[in-house]
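Below: the structure, in C-alpha coordinates.
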Amino acid sequence: MAVRVQAAPFDPGTELARFAGDRTDVGAQVSFTGLVRDDGGLRHMEIEHYPGMTEKAIAAIEAEAVRRWDLKASLVIHRYGRLAPGERIMMVATAAGHRADAFAAAEFLMDYLKSRAPFWKREVTADGAAWVAAKDADEDALSRW
Amino acid sequence: MAVRVQAAPFDPGTELARFAGDRTDVGAQVSFTGLVRDDGGLRHMEIEHYPGMTEKAIAAIEAEAVRRWDLKASLVIHRYGRLAPGERIMMVATAAGHRADAFAAAEFLMDYLKSRAPFWKREVTADGAAWVAAKDADEDALSRW
Amino acid sequence: MIDVLYFAWVRERIGLPKERVETEAATVADLVEELVAREARYAAAFADISALRVALDQELAEFDAPLAGVREVAFFPPMTGG
Amino acid sequence: MIDVLYFAWVRERIGLPKERVETEAATVADLVEELVAREARYAAAFADISALRVALDQELAEFDAPLAGVREVAFFPPMTGG
(Lines give C-alpha, C1' and ligand atoms only; values in the text may rest on other atoms or scores of the structure.)
Protein backbone atom coordinates (compact mmCIF):
# COMPACT_ATOMS: atom_id res chain seq x y z
CA MET A 1 0.00 0.00 0.00
CA ALA A 2 1.96 2.99 -1.26
CA VAL A 3 1.20 6.67 -1.89
CA ARG A 4 3.43 9.09 -3.79
CA VAL A 5 2.68 12.75 -4.42
CA GLN A 6 5.31 14.28 -6.66
CA ALA A 7 6.08 16.88 -9.31
CA ALA A 8 8.27 14.49 -11.33
CA PRO A 9 6.99 12.31 -14.18
CA PHE A 10 6.61 8.58 -13.59
CA ASP A 11 6.48 5.51 -15.81
CA PRO A 12 3.30 3.45 -15.32
CA GLY A 13 4.90 0.32 -16.80
CA THR A 14 7.82 0.39 -14.39
CA GLU A 15 5.49 1.04 -11.46
CA LEU A 16 3.07 -1.68 -12.54
CA ALA A 17 5.88 -4.21 -12.90
CA ARG A 18 7.09 -3.77 -9.34
CA PHE A 19 4.27 -2.55 -7.11
CA ALA A 20 3.11 -6.07 -6.18
CA GLY A 21 6.64 -7.43 -5.83
CA ASP A 22 7.21 -11.06 -6.72
CA ARG A 23 4.21 -12.54 -4.93
CA THR A 24 2.54 -15.47 -6.67
CA ASP A 25 -0.84 -15.15 -4.92
CA VAL A 26 -1.81 -12.32 -7.26
CA GLY A 27 -4.05 -13.35 -10.16
CA ALA A 28 -5.24 -9.91 -11.24
CA GLN A 29 -3.71 -6.46 -11.56
CA VAL A 30 -5.63 -3.40 -12.63
CA SER A 31 -4.10 -0.04 -13.44
CA PHE A 32 -5.64 3.32 -14.20
CA THR A 33 -3.62 6.15 -15.71
CA GLY A 34 -5.00 9.68 -15.98
CA LEU A 35 -3.56 11.87 -18.73
CA VAL A 36 -3.79 15.54 -19.65
CA ARG A 37 -6.46 15.53 -22.36
CA ASP A 38 -6.46 18.28 -24.94
CA ASP A 39 -10.02 18.96 -26.05
CA GLY A 40 -8.65 21.79 -28.20
CA GLY A 41 -6.45 24.77 -27.40
CA LEU A 42 -4.96 23.58 -24.11
CA ARG A 43 -1.44 24.91 -23.59
CA HIS A 44 -0.83 23.21 -20.30
CA MET A 45 -2.44 22.21 -17.04
CA GLU A 46 -1.38 23.28 -13.56
CA ILE A 47 -2.17 21.19 -10.53
CA GLU A 48 -2.15 22.70 -7.06
CA HIS A 49 -2.30 20.54 -3.97
CA TYR A 50 -2.30 20.75 -0.18
CA PRO A 51 1.01 19.26 1.02
CA GLY A 52 0.51 17.12 4.08
CA MET A 53 -3.24 16.73 3.74
CA THR A 54 -2.87 15.22 0.27
CA GLU A 55 -0.81 12.26 1.47
CA LYS A 56 -3.07 11.73 4.50
CA ALA A 57 -6.26 11.88 2.43
CA ILE A 58 -4.97 9.40 -0.15
CA ALA A 59 -3.69 7.04 2.55
CA ALA A 60 -7.14 7.11 4.19
CA ILE A 61 -8.84 6.32 0.86
CA GLU A 62 -6.39 3.48 0.26
CA ALA A 63 -6.96 2.09 3.78
CA GLU A 64 -10.70 2.08 3.11
CA ALA A 65 -10.15 0.17 -0.16
CA VAL A 66 -8.05 -2.41 1.69
CA ARG A 67 -10.81 -2.77 4.28
CA ARG A 68 -13.46 -3.36 1.61
CA TRP A 69 -11.65 -5.64 -0.83
CA ASP A 70 -9.16 -8.45 -0.65
CA LEU A 71 -6.13 -6.60 -2.02
CA LYS A 72 -2.59 -7.93 -2.09
CA ALA A 73 -1.10 -4.57 -3.05
CA SER A 74 -2.10 -1.08 -4.13
CA LEU A 75 -0.38 2.04 -5.36
CA VAL A 76 -1.40 5.65 -5.91
CA ILE A 77 0.86 8.19 -7.62
CA HIS A 78 -0.37 11.74 -8.22
CA ARG A 79 1.62 14.60 -9.71
CA TYR A 80 1.32 18.33 -9.14
CA GLY A 81 2.76 21.34 -10.96
CA ARG A 82 2.74 22.08 -14.68
CA LEU A 83 1.82 19.32 -17.13
CA ALA A 84 1.64 19.40 -20.93
CA PRO A 85 -1.11 17.74 -23.02
CA GLY A 86 -0.54 13.99 -23.19
CA GLU A 87 1.46 13.90 -19.93
CA ARG A 88 0.49 11.46 -17.23
CA ILE A 89 -1.20 13.09 -14.24
CA MET A 90 -1.65 10.13 -11.93
CA MET A 91 -2.03 6.41 -11.68
CA VAL A 92 -3.69 3.86 -9.47
CA ALA A 93 -2.79 0.17 -9.40
CA THR A 94 -4.37 -2.70 -7.52
CA ALA A 95 -3.40 -6.36 -7.17
CA ALA A 96 -5.75 -9.10 -5.94
CA GLY A 97 -6.35 -12.80 -6.15
CA HIS A 98 -9.30 -12.27 -8.47
CA ARG A 99 -10.34 -9.66 -11.00
CA ALA A 100 -13.53 -8.45 -9.30
CA ASP A 101 -11.61 -7.15 -6.26
CA ALA A 102 -8.89 -5.55 -8.38
CA PHE A 103 -11.38 -3.74 -10.64
CA ALA A 104 -13.72 -2.58 -7.86
CA ALA A 105 -10.88 -1.27 -5.68
CA ALA A 106 -9.31 0.62 -8.59
CA GLU A 107 -12.61 2.28 -9.48
CA PHE A 108 -13.28 3.11 -5.84
CA LEU A 109 -9.82 4.68 -5.47
CA MET A 110 -10.38 6.75 -8.62
CA ASP A 111 -13.82 7.96 -7.58
CA TYR A 112 -12.55 9.08 -4.17
CA LEU A 113 -9.34 10.62 -5.50
CA LYS A 114 -11.41 12.74 -7.91
CA SER A 115 -13.48 14.38 -5.20
CA ARG A 116 -11.77 13.81 -1.84
CA ALA A 117 -8.04 14.30 -2.37
CA PRO A 118 -7.00 17.97 -2.20
CA PHE A 119 -5.90 18.68 -5.77
CA TRP A 120 -7.10 21.50 -7.97
CA LYS A 121 -6.60 21.68 -11.73
CA ARG A 122 -6.18 24.86 -13.73
CA GLU A 123 -6.21 24.87 -17.52
CA VAL A 124 -4.18 27.41 -19.45
CA THR A 125 -5.28 28.16 -23.02
CA ALA A 126 -4.59 31.00 -25.46
CA ASP A 127 -7.61 32.78 -23.88
CA GLY A 128 -6.19 32.65 -20.36
CA ALA A 129 -6.38 30.37 -17.36
CA ALA A 130 -9.41 28.81 -15.68
CA TRP A 131 -9.87 26.53 -12.69
CA VAL A 132 -11.52 23.26 -13.64
CA ALA A 133 -14.95 23.04 -12.03
CA ALA A 134 -15.86 19.93 -10.05
CA LYS A 135 -18.41 17.81 -11.88
CA ASP A 136 -21.68 16.73 -10.30
CA ALA A 137 -21.11 13.33 -11.93
CA ASP A 138 -17.89 12.89 -9.95
CA GLU A 139 -19.62 13.68 -6.67
CA ASP A 140 -22.53 11.40 -7.62
CA ALA A 141 -20.10 8.56 -8.40
CA LEU A 142 -19.31 8.29 -4.68
CA SER A 143 -22.85 7.20 -3.85
CA ARG A 144 -22.35 3.82 -5.53
CA TRP A 145 -19.85 2.66 -2.91
CA MET B 1 -7.97 -2.03 -31.72
CA ALA B 2 -5.46 -4.84 -31.62
CA VAL B 3 -5.53 -8.54 -30.77
CA ARG B 4 -2.50 -10.74 -30.21
CA VAL B 5 -2.54 -14.44 -29.37
CA GLN B 6 0.94 -15.71 -28.68
CA ALA B 7 3.08 -18.19 -26.76
CA ALA B 8 5.76 -15.59 -26.00
CA PRO B 9 5.82 -13.46 -22.84
CA PHE B 10 4.93 -9.79 -23.11
CA ASP B 11 5.65 -6.69 -21.04
CA PRO B 12 2.48 -4.88 -19.90
CA GLY B 13 4.34 -1.62 -19.32
CA THR B 14 5.75 -1.51 -22.83
CA GLU B 15 2.36 -2.42 -24.30
CA LEU B 16 0.55 0.15 -22.16
CA ALA B 17 2.98 2.90 -23.13
CA ARG B 18 2.38 2.48 -26.85
CA PHE B 19 -1.06 1.00 -27.47
CA ALA B 20 -2.79 4.39 -27.65
CA GLY B 21 0.01 6.02 -29.67
CA ASP B 22 0.64 9.70 -29.09
CA ARG B 23 -2.93 10.91 -29.18
CA THR B 24 -3.78 13.74 -26.79
CA ASP B 25 -7.55 13.13 -26.73
CA VAL B 26 -7.06 10.28 -24.25
CA GLY B 27 -7.71 11.18 -20.62
CA ALA B 28 -7.97 7.68 -19.17
CA GLN B 29 -6.21 4.38 -19.69
CA VAL B 30 -7.16 1.18 -17.88
CA SER B 31 -5.18 -2.02 -17.97
CA PHE B 32 -5.90 -5.48 -16.64
CA THR B 33 -3.19 -8.11 -16.32
CA GLY B 34 -3.99 -11.73 -15.50
CA LEU B 35 -1.25 -13.76 -13.81
CA VAL B 36 -0.73 -17.41 -12.96
CA ARG B 37 -1.79 -17.55 -9.31
CA ASP B 38 -0.34 -20.23 -7.09
CA ASP B 39 -2.87 -21.14 -4.41
CA GLY B 40 -0.44 -23.83 -3.22
CA GLY B 41 1.36 -26.62 -5.04
CA LEU B 42 1.00 -25.39 -8.61
CA ARG B 43 3.95 -26.46 -10.78
CA HIS B 44 2.77 -24.79 -13.94
CA MET B 45 -0.27 -23.99 -16.03
CA GLU B 46 -0.92 -25.05 -19.61
CA ILE B 47 -3.21 -23.10 -21.84
CA GLU B 48 -4.72 -24.68 -24.94
CA HIS B 49 -6.52 -22.60 -27.55
CA TYR B 50 -8.30 -22.89 -30.88
CA PRO B 51 -6.07 -21.18 -33.46
CA GLY B 52 -8.14 -19.15 -35.87
CA MET B 53 -11.29 -19.05 -33.79
CA THR B 54 -9.45 -17.43 -30.88
CA GLU B 55 -8.44 -14.36 -32.88
CA LYS B 56 -11.91 -14.06 -34.45
CA ALA B 57 -13.71 -14.42 -31.11
CA ILE B 58 -11.54 -11.79 -29.41
CA ALA B 59 -11.89 -9.40 -32.36
CA ALA B 60 -15.68 -9.76 -32.15
CA ILE B 61 -15.66 -9.04 -28.41
CA GLU B 62 -13.45 -6.01 -28.99
CA ALA B 63 -15.72 -4.74 -31.78
CA GLU B 64 -18.68 -5.00 -29.41
CA ALA B 65 -16.79 -2.98 -26.77
CA VAL B 66 -16.03 -0.28 -29.35
CA ARG B 67 -19.71 -0.20 -30.30
CA ARG B 68 -20.81 0.24 -26.67
CA TRP B 69 -18.22 2.71 -25.34
CA ASP B 70 -16.35 5.71 -26.64
CA LEU B 71 -12.90 4.14 -26.92
CA LYS B 72 -9.87 5.73 -28.52
CA ALA B 73 -7.85 2.51 -28.44
CA SER B 74 -7.94 -1.02 -27.08
CA LEU B 75 -5.61 -3.98 -26.89
CA VAL B 76 -5.97 -7.65 -25.98
CA ILE B 77 -2.97 -9.98 -25.60
CA HIS B 78 -3.48 -13.59 -24.55
CA ARG B 79 -0.81 -16.27 -24.24
CA TYR B 80 -1.05 -20.02 -24.68
CA GLY B 81 1.32 -22.87 -23.82
CA ARG B 82 3.13 -23.52 -20.56
CA LEU B 83 3.26 -20.78 -17.90
CA ALA B 84 4.94 -20.79 -14.48
CA PRO B 85 3.39 -19.30 -11.30
CA GLY B 86 3.68 -15.51 -11.37
CA GLU B 87 3.88 -15.36 -15.16
CA ARG B 88 1.54 -13.07 -17.04
CA ILE B 89 -1.22 -14.88 -18.90
CA MET B 90 -2.95 -12.03 -20.65
CA MET B 91 -3.71 -8.34 -20.64
CA VAL B 92 -6.41 -5.96 -21.73
CA ALA B 93 -5.93 -2.21 -22.15
CA THR B 94 -8.45 0.50 -22.99
CA ALA B 95 -8.05 4.21 -23.69
CA ALA B 96 -10.89 6.72 -23.61
CA GLY B 97 -11.61 10.39 -23.06
CA HIS B 98 -13.04 9.67 -19.62
CA ARG B 99 -12.54 7.02 -16.95
CA ALA B 100 -16.06 5.55 -16.95
CA ASP B 101 -15.72 4.35 -20.57
CA ALA B 102 -12.21 2.99 -20.03
CA PHE B 103 -13.17 1.04 -16.89
CA ALA B 104 -16.45 -0.35 -18.23
CA ALA B 105 -14.92 -1.47 -21.52
CA ALA B 106 -11.99 -3.18 -19.77
CA GLU B 107 -14.34 -5.08 -17.43
CA PHE B 108 -16.60 -6.03 -20.33
CA LEU B 109 -13.62 -7.34 -22.34
CA MET B 110 -12.44 -9.39 -19.34
CA ASP B 111 -15.86 -10.87 -18.64
CA TYR B 112 -16.28 -11.96 -22.26
CA LEU B 113 -12.74 -13.23 -22.66
CA LYS B 114 -13.21 -15.44 -19.60
CA SER B 115 -16.20 -17.30 -21.02
CA ARG B 116 -16.34 -16.66 -24.76
CA ALA B 117 -12.80 -16.86 -26.09
CA PRO B 118 -11.66 -20.45 -26.81
CA PHE B 119 -8.95 -20.99 -24.20
CA TRP B 120 -8.73 -23.87 -21.74
CA LYS B 121 -6.48 -23.90 -18.69
CA ARG B 122 -4.91 -27.01 -17.19
CA GLU B 123 -3.13 -26.93 -13.84
CA VAL B 124 -0.24 -29.25 -13.16
CA THR B 125 0.58 -30.02 -9.50
CA ALA B 126 2.56 -32.76 -7.75
CA ASP B 127 -0.69 -34.78 -7.73
CA GLY B 128 -1.13 -34.63 -11.49
CA ALA B 129 -2.92 -32.43 -14.00
CA ALA B 130 -6.49 -31.15 -14.00
CA TRP B 131 -8.50 -28.99 -16.37
CA VAL B 132 -9.76 -25.81 -14.70
CA ALA B 133 -13.54 -25.90 -14.47
CA ALA B 134 -15.52 -22.92 -15.72
CA LYS B 135 -17.06 -20.95 -12.87
CA ASP B 136 -20.75 -20.16 -12.70
CA ALA B 137 -19.75 -16.71 -11.45
CA ASP B 138 -17.90 -16.05 -14.71
CA GLU B 139 -20.91 -17.05 -16.79
CA ASP B 140 -23.19 -14.98 -14.54
CA ALA B 141 -20.92 -11.94 -14.95
CA LEU B 142 -22.02 -11.68 -18.59
CA SER B 143 -25.59 -10.90 -17.59
CA ARG B 144 -24.64 -7.46 -16.31
CA TRP B 145 -23.79 -6.17 -19.79
CA MET C 1 -16.85 -34.45 -45.45
CA ILE C 2 -16.45 -32.27 -42.45
CA ASP C 3 -13.46 -31.44 -40.19
CA VAL C 4 -14.22 -32.24 -36.57
CA LEU C 5 -11.95 -30.72 -33.90
CA TYR C 6 -11.70 -31.55 -30.21
CA PHE C 7 -10.15 -29.45 -27.45
CA ALA C 8 -9.12 -29.84 -23.80
CA TRP C 9 -10.59 -32.92 -22.07
CA VAL C 10 -12.81 -33.69 -25.05
CA ARG C 11 -9.63 -34.09 -27.10
CA GLU C 12 -8.08 -36.23 -24.36
CA ARG C 13 -11.07 -38.55 -24.04
CA ILE C 14 -11.42 -39.06 -27.78
CA GLY C 15 -7.68 -39.33 -28.15
CA LEU C 16 -7.14 -37.07 -31.12
CA PRO C 17 -7.31 -33.33 -31.88
CA LYS C 18 -8.92 -33.50 -35.31
CA GLU C 19 -10.44 -35.89 -37.82
CA ARG C 20 -12.30 -35.82 -41.12
CA VAL C 21 -15.76 -37.29 -40.84
CA GLU C 22 -17.98 -38.56 -43.63
CA THR C 23 -21.49 -37.66 -42.52
CA GLU C 24 -24.98 -36.85 -43.73
CA ALA C 25 -26.00 -35.53 -40.28
CA ALA C 26 -28.52 -32.70 -40.52
CA THR C 27 -27.65 -31.07 -37.19
CA VAL C 28 -24.86 -31.00 -34.62
CA ALA C 29 -26.93 -33.28 -32.38
CA ASP C 30 -27.25 -35.80 -35.22
CA LEU C 31 -23.48 -35.74 -35.73
CA VAL C 32 -22.91 -36.32 -32.02
CA GLU C 33 -25.28 -39.30 -32.18
CA GLU C 34 -23.28 -40.79 -35.07
CA LEU C 35 -19.98 -40.30 -33.22
CA VAL C 36 -21.30 -41.77 -29.97
CA ALA C 37 -22.45 -44.88 -31.87
CA ARG C 38 -18.87 -45.47 -33.11
CA GLU C 39 -16.85 -46.23 -30.01
CA ALA C 40 -16.83 -46.01 -26.22
CA ARG C 41 -14.33 -43.12 -26.17
CA TYR C 42 -16.81 -40.95 -28.11
CA ALA C 43 -19.62 -42.02 -25.79
CA ALA C 44 -17.39 -41.00 -22.85
CA ALA C 45 -16.60 -37.60 -24.36
CA PHE C 46 -20.23 -36.82 -25.23
CA ALA C 47 -21.81 -38.40 -22.11
CA ASP C 48 -23.05 -35.03 -20.86
CA ILE C 49 -23.82 -32.64 -23.69
CA SER C 50 -24.70 -29.86 -21.24
CA ALA C 51 -21.02 -29.81 -20.21
CA LEU C 52 -19.93 -29.15 -23.80
CA ARG C 53 -19.84 -26.27 -26.23
CA VAL C 54 -19.79 -26.42 -30.02
CA ALA C 55 -18.49 -24.06 -32.68
CA LEU C 56 -19.43 -24.19 -36.37
CA ASP C 57 -16.83 -22.69 -38.70
CA GLN C 58 -15.29 -21.04 -35.63
CA GLU C 59 -18.49 -19.42 -34.34
CA LEU C 60 -20.24 -20.61 -31.17
CA ALA C 61 -23.47 -22.45 -32.00
CA GLU C 62 -26.20 -24.58 -30.44
CA PHE C 63 -26.47 -28.36 -30.65
CA ASP C 64 -29.64 -28.12 -32.72
CA ALA C 65 -27.94 -25.95 -35.35
CA PRO C 66 -28.01 -27.30 -38.94
CA LEU C 67 -24.75 -28.57 -40.49
CA ALA C 68 -25.57 -27.69 -44.10
CA GLY C 69 -22.58 -25.88 -45.64
CA VAL C 70 -20.47 -26.19 -42.50
CA ARG C 71 -16.83 -27.21 -43.07
CA GLU C 72 -15.48 -27.25 -39.50
CA VAL C 73 -17.15 -28.39 -36.28
CA ALA C 74 -15.37 -28.11 -32.92
CA PHE C 75 -16.34 -29.63 -29.59
CA PHE C 76 -14.90 -28.43 -26.30
CA PRO C 77 -15.70 -27.78 -22.62
CA PRO C 78 -16.77 -24.33 -21.38
CA MET C 79 -13.95 -21.88 -21.98
CA THR C 80 -11.64 -20.76 -19.20
CA GLY C 81 -9.59 -17.91 -20.63
CA GLY C 82 -8.61 -14.62 -19.10
CA MET D 1 -3.75 31.86 16.98
CA ILE D 2 -4.67 29.66 14.07
CA ASP D 3 -3.07 29.02 10.67
CA VAL D 4 -5.51 29.70 7.86
CA LEU D 5 -4.67 28.31 4.40
CA TYR D 6 -6.29 29.10 1.05
CA PHE D 7 -6.08 27.09 -2.15
CA ALA D 8 -6.94 27.49 -5.83
CA TRP D 9 -9.29 30.39 -6.60
CA VAL D 10 -9.88 31.07 -2.90
CA ARG D 11 -6.15 31.75 -2.62
CA GLU D 12 -6.28 33.95 -5.72
CA ARG D 13 -9.23 36.02 -4.51
CA ILE D 14 -7.80 36.57 -1.05
CA GLY D 15 -4.35 37.16 -2.51
CA LEU D 16 -2.29 34.98 -0.19
CA PRO D 17 -1.78 31.27 0.47
CA LYS D 18 -1.58 31.37 4.24
CA GLU D 19 -1.90 33.68 7.24
CA ARG D 20 -1.95 33.50 11.01
CA VAL D 21 -5.23 34.68 12.45
CA GLU D 22 -5.94 35.83 15.99
CA THR D 23 -9.46 34.63 16.68
CA GLU D 24 -11.88 33.58 19.40
CA ALA D 25 -14.31 32.12 16.80
CA ALA D 26 -16.17 29.09 18.15
CA THR D 27 -16.88 27.49 14.77
CA VAL D 28 -15.66 27.60 11.20
CA ALA D 29 -18.72 29.65 10.25
CA ASP D 30 -17.85 32.20 12.96
CA LEU D 31 -14.30 32.45 11.60
CA VAL D 32 -15.63 32.99 8.08
CA GLU D 33 -17.85 35.79 9.42
CA GLU D 34 -14.84 37.48 11.03
CA LEU D 35 -12.79 37.21 7.83
CA VAL D 36 -15.63 38.52 5.64
CA ALA D 37 -15.96 41.55 7.92
CA ARG D 38 -12.29 42.46 7.33
CA GLU D 39 -12.07 43.32 3.64
CA ALA D 40 -13.85 43.05 0.30
CA ARG D 41 -11.44 40.37 -0.98
CA TYR D 42 -12.51 38.04 1.84
CA ALA D 43 -16.16 38.82 1.16
CA ALA D 44 -15.53 37.93 -2.49
CA ALA D 45 -13.86 34.64 -1.62
CA PHE D 46 -16.55 33.58 0.84
CA ALA D 47 -19.55 34.98 -1.09
CA ASP D 48 -20.97 31.51 -1.69
CA ILE D 49 -20.11 29.11 1.13
CA SER D 50 -21.82 26.22 -0.67
CA ALA D 51 -19.08 26.46 -3.34
CA LEU D 52 -16.38 25.95 -0.71
CA ARG D 53 -14.90 23.12 1.32
CA VAL D 54 -13.08 23.33 4.63
CA ALA D 55 -10.46 21.13 6.29
CA LEU D 56 -9.54 21.25 9.99
CA ASP D 57 -6.04 20.01 10.76
CA GLN D 58 -6.00 18.41 7.30
CA GLU D 59 -9.31 16.53 7.64
CA LEU D 60 -12.44 17.53 5.71
CA ALA D 61 -15.03 19.12 8.02
CA GLU D 62 -18.32 20.99 8.00
CA PHE D 63 -18.76 24.75 8.39
CA ASP D 64 -20.54 24.30 11.71
CA ALA D 65 -17.61 22.32 13.18
CA PRO D 66 -16.05 23.74 16.41
CA LEU D 67 -12.57 25.30 16.23
CA ALA D 68 -11.49 24.42 19.78
CA GLY D 69 -8.02 22.86 19.67
CA VAL D 70 -7.69 23.30 15.90
CA ARG D 71 -4.31 24.59 14.70
CA GLU D 72 -4.83 24.67 10.92
CA VAL D 73 -7.92 25.63 8.90
CA ALA D 74 -7.93 25.41 5.11
CA PHE D 75 -10.50 26.79 2.68
CA PHE D 76 -10.70 25.66 -0.93
CA PRO D 77 -13.09 24.89 -3.79
CA PRO D 78 -14.36 21.33 -4.45
CA MET D 79 -11.41 19.15 -5.32
CA THR D 80 -10.62 18.16 -8.89
CA GLY D 81 -7.93 15.52 -8.67
CA GLY D 82 -7.54 12.28 -10.55
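Ligands are numbered from 1 in the order shown, residues from 1 within each chain, and chains are lettered A, B, ... in the order they appear in the C-alpha coordinates.
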
Which residues of chain B sit at most 9 Å from chain A, using only C-alpha atoms? Give each one's shortest atom pair and distance in Å (one decimal place), in chain and ascending residue order, as JSON lines.
```
{"residue": "B:Asp11", "atom": "CA", "partner": "A:Gly13", "partner_atom": "CA", "distance": 8.2}
{"residue": "B:Pro12", "atom": "CA", "partner": "A:Gly13", "partner_atom": "CA", "distance": 6.5}
{"residue": "B:Gly13", "atom": "CA", "partner": "A:Gly13", "partner_atom": "CA", "distance": 3.2}
{"residue": "B:Thr14", "atom": "CA", "partner": "A:Gly13", "partner_atom": "CA", "distance": 6.4}
{"residue": "B:Glu15", "atom": "CA", "partner": "A:Gly13", "partner_atom": "CA", "distance": 8.4}
{"residue": "B:Leu16", "atom": "CA", "partner": "A:Gly13", "partner_atom": "CA", "distance": 6.9}
{"residue": "B:Ala17", "atom": "CA", "partner": "A:Gly13", "partner_atom": "CA", "distance": 7.1}
{"residue": "B:Asp22", "atom": "CA", "partner": "A:Gly86", "partner_atom": "CA", "distance": 7.4}
{"residue": "B:Arg23", "atom": "CA", "partner": "A:Gly86", "partner_atom": "CA", "distance": 7.1}
{"residue": "B:Thr24", "atom": "CA", "partner": "A:Gly86", "partner_atom": "CA", "distance": 4.9}
{"residue": "B:Asp25", "atom": "CA", "partner": "A:Arg37", "partner_atom": "CA", "distance": 5.1}
{"residue": "B:Val26", "atom": "CA", "partner": "A:Arg37", "partner_atom": "CA", "distance": 5.6}
{"residue": "B:Gly27", "atom": "CA", "partner": "A:Leu35", "partner_atom": "CA", "distance": 4.6}
{"residue": "B:Ala28", "atom": "CA", "partner": "A:Gly34", "partner_atom": "CA", "distance": 4.8}
{"residue": "B:Gln29", "atom": "CA", "partner": "A:Thr33", "partner_atom": "CA", "distance": 5.1}
{"residue": "B:Val30", "atom": "CA", "partner": "A:Phe32", "partner_atom": "CA", "distance": 4.5}
{"residue": "B:Ser31", "atom": "CA", "partner": "A:Ser31", "partner_atom": "CA", "distance": 5.1}
{"residue": "B:Phe32", "atom": "CA", "partner": "A:Val30", "partner_atom": "CA", "distance": 4.5}
{"residue": "B:Thr33", "atom": "CA", "partner": "A:Gln29", "partner_atom": "CA", "distance": 5.1}
{"residue": "B:Gly34", "atom": "CA", "partner": "A:Ala28", "partner_atom": "CA", "distance": 4.8}
{"residue": "B:Leu35", "atom": "CA", "partner": "A:Gly27", "partner_atom": "CA", "distance": 4.6}
{"residue": "B:Val36", "atom": "CA", "partner": "A:Gly27", "partner_atom": "CA", "distance": 6.0}
{"residue": "B:Arg37", "atom": "CA", "partner": "A:Gly27", "partner_atom": "CA", "distance": 4.8}
{"residue": "B:Asp38", "atom": "CA", "partner": "A:Asp25", "partner_atom": "CA", "distance": 5.5}
{"residue": "B:Asp39", "atom": "CA", "partner": "A:Asp25", "partner_atom": "CA", "distance": 6.3}
{"residue": "B:Gly40", "atom": "CA", "partner": "A:Asp25", "partner_atom": "CA", "distance": 8.8}
{"residue": "B:Pro85", "atom": "CA", "partner": "A:Thr24", "partner_atom": "CA", "distance": 6.1}
{"residue": "B:Gly86", "atom": "CA", "partner": "A:Thr24", "partner_atom": "CA", "distance": 4.8}
{"residue": "B:Glu87", "atom": "CA", "partner": "A:Thr24", "partner_atom": "CA", "distance": 8.6}
{"residue": "B:Arg88", "atom": "CA", "partner": "A:Gly27", "partner_atom": "CA", "distance": 8.9}
{"residue": "B:Gly97", "atom": "CA", "partner": "A:Arg37", "partner_atom": "CA", "distance": 7.3}
{"residue": "B:His98", "atom": "CA", "partner": "A:Gly34", "partner_atom": "CA", "distance": 8.8}
{"residue": "B:Arg99", "atom": "CA", "partner": "A:Gly34", "partner_atom": "CA", "distance": 8.1}
{"residue": "B:Ala100", "atom": "CA", "partner": "A:Glu107", "partner_atom": "CA", "distance": 8.9}
{"residue": "B:Ala102", "atom": "CA", "partner": "A:Phe32", "partner_atom": "CA", "distance": 8.8}
{"residue": "B:Phe103", "atom": "CA", "partner": "A:Glu107", "partner_atom": "CA", "distance": 7.5}
{"residue": "B:Glu107", "atom": "CA", "partner": "A:Phe103", "partner_atom": "CA", "distance": 7.5}
{"residue": "B:Met110", "atom": "CA", "partner": "A:Arg99", "partner_atom": "CA", "distance": 8.6}
```

Could you list, as a list of chain:residue names, every residue of chain B that has an atom within 8 Å of an atom of chain C, counting only C-alpha atoms?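 Listed by rising number, the hits are B:Gly34, B:Glu48, B:His49, B:Tyr50, B:Gly52, B:Met53, B:Lys56, B:Ala57, B:His78, B:Ile89, B:Met90, B:Met110, B:Leu113, B:Lys114, B:Ser115, B:Arg116, B:Ala117, B:Pro118, B:Phe119, B:Trp120, B:Lys121, B:Trp131, B:Val132, B:Ala133, B:Ala134.
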
Tell me, as a PyMOL selection string, which residues lie within 10 Å of Gly69 of chain D, counting only C-alpha atoms; anything in the same chain fewer than 2 positions away does not count. chain D and resi 2+56-57+66-67+71-72

Just the residues within 6 Å of Val28 of chain D, please, counting only C-alpha atoms, with nothing from its chain fewer than 5 positions along; format it as a ChimeraX atom specification. /D:63-65

Give me every strand (DSSP E or B) residue in chain A, going by DSSP on the backbone, as a ChimeraX atom specification. /A:2-6,28-35,42-49,71-79,81-83,88-96,119-125,128-131

Determine which residues of segment 47-143 of chain B receive a DSSP assignment of alpha helix (DSSP H), computed from the backbone, and state them as an MDAnalysis selection string. chainID B and resid 53:68 99:116 136:141
